[in-house]
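Asker: Dropping a structure here in structure tokens format, bear with me for questions.
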Amino acid sequence: MASIQALAQMTDLDAVRADLNIRIAAIDVRAPYARAREIAPDVDAIRVIAHRNGLNPAVTVAHFLDSALSRGECGALVHGWLSLLVDAIGSDRQDVAACETFAAACSVRLSG
């Protein structure tokens with residue numbers, strides 16, 4: 001019976017990941033024409049959903065993306081951030097090392 005529960009949890013997590021990817025795609029379509037403050041609430045919603053579902057690297061990237069938006073990044077620059085967020089959502093690893101790896105990638109993006 002434990003394997004049935006594990007399978008159900010994996011299916012639920014797959015549904016969450018699919019929902020988050022749809023949300024990211026919607027932001028990506030709007031990003032070239034939207035202001036940072038118009039995108040920020042949607043990024044925050046993604047962060048909250050990722051946090052609730054234990055998608056820790058995605059939470060890390062969403063925080064960095066929020067910082068980038070706060071600095072005024074918008075338009076085409078947001079596309080790269082969203083691509084990194086998609087990668088974080090798809091990550092099989094949810095440990096501290098995975099979060100640190102994504103944080104390092106975000107730091108390079110912020111400084112570059």
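Labels for the structure tokens follow display order: chains A, B, ..., residues from 1 in each chain, ligands from 1.
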For stretch 39-69 of chain A versus stretch 75-83 of chain A, which residues have an atom no more than 9 Å away, and what is each residue's nearest atom pair and distance in Å rounded to one decimal, using only C-alpha atoms, chain-then-number order, as CSV?
Answerer:
```
residue,atom,partner,partner_atom,distance
A:Val61,CA,A:Trp81,CA,8.0
A:Ala62,CA,A:Trp81,CA,8.7
A:Phe64,CA,A:Trp81,CA,8.7
A:Leu65,CA,A:Trp81,CA,6.3
A:Ala68,CA,A:Val78,CA,8.5
A:Leu69,CA,A:Val78,CA,8.2
```
Asker: Output C-alpha atoms for every residue in that selection, as a CSV table (one decimal), in the first residue's frame.
Answerer:
```
chain,number,residue,atom,x,y,z
A,61,VAL,CA,15.2,30.7,-8.1
A,62,ALA,CA,11.8,32.5,-7.5
A,64,PHE,CA,16.3,35.6,-7.0
A,65,LEU,CA,13.9,36.4,-9.8
A,68,ALA,CA,15.8,40.9,-10.3
A,69,LEU,CA,12.3,42.3,-10.8
```
Asker: Using only C-alpha atoms, which protein or nucleic acid residues come within 8 Å of stretch 41-57 of chain A? Drop anything in the same chain fewer than 2 positions from it, and give the result as number ranges by chain.
Answerer: A: 13, 16, 20, 23, 27, 37-39, 59-63, 65-66, 88-89, 91, 94-95, 98-99, 102
Asker: The selected residues should be written to file as a short mmCIF file (atom, residue, chain, number, x, y, z; two decimals), in the first residue's frame (atoms: C-alpha atoms).
Answerer:
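File written: part24.cif
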```cif
data_model
loop_
_atom_site.label_atom_id
_atom_site.label_comp_id
_atom_site.auth_asym_id
_atom_site.auth_seq_id
_atom_site.Cartn_x
_atom_site.Cartn_y
_atom_site.Cartn_z
CA LEU A 13 3.82 16.47 -7.88
CA VAL A 16 1.96 20.70 -9.63
CA LEU A 20 3.83 25.80 -12.55
CA ARG A 23 2.10 29.70 -15.18
CA ILE A 27 4.47 35.04 -17.71
CA ARG A 37 5.65 45.10 -10.95
CA GLU A 38 3.02 43.42 -13.14
CA ILE A 39 4.94 40.15 -13.21
CA VAL A 59 11.76 28.54 -4.33
CA THR A 60 15.41 29.62 -4.47
CA VAL A 61 15.18 30.74 -8.09
CA ALA A 62 11.85 32.50 -7.51
CA HIS A 63 13.47 34.55 -4.72
CA LEU A 65 13.86 36.37 -9.83
CA ASP A 66 11.90 38.54 -7.44
CA ALA A 88 14.53 24.30 -11.05
CA ILE A 89 10.94 23.05 -11.10
CA SER A 91 14.91 19.20 -10.75
CA GLN A 94 15.39 19.00 -3.56
CA ASP A 95 18.35 19.04 -1.15
CA ALA A 98 20.69 21.53 -5.37
CA CYS A 99 19.45 24.85 -3.95
CA PHE A 102 20.69 27.03 -8.53
#
```
Asker: State, in Å with one decimal place, the distance from atom CA of A:Arg109 to atom CA of A:Cys74.
Answerer: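 Distance between the two atoms: 13.7 Å.
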Asker: Atom CA of A:Glu100 and atom CA of A:Ala31, how far apart in Å?
Answerer: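 Taking atom CA of A:Ala31 and atom CA of A:Glu100, their separation equals 26.5 Å.
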Asker: For a test of reading the model, state the distance in Å between atom CA of A:Gly72 and atom CA of A:Val108, rounded to one decimal.
Answerer: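 Separating atom CA of A:Gly72 from atom CA of A:Val108 is a distance of 17.1 Å.
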Asker: As a VMD selection string, please: all residues of stretch 16-109 of chain A that backbone DSSP puts in alpha helix (DSSP H).
Answerer: chain A and resid 16 to 30 36 to 52 56 to 70 77 to 90 96 to 109
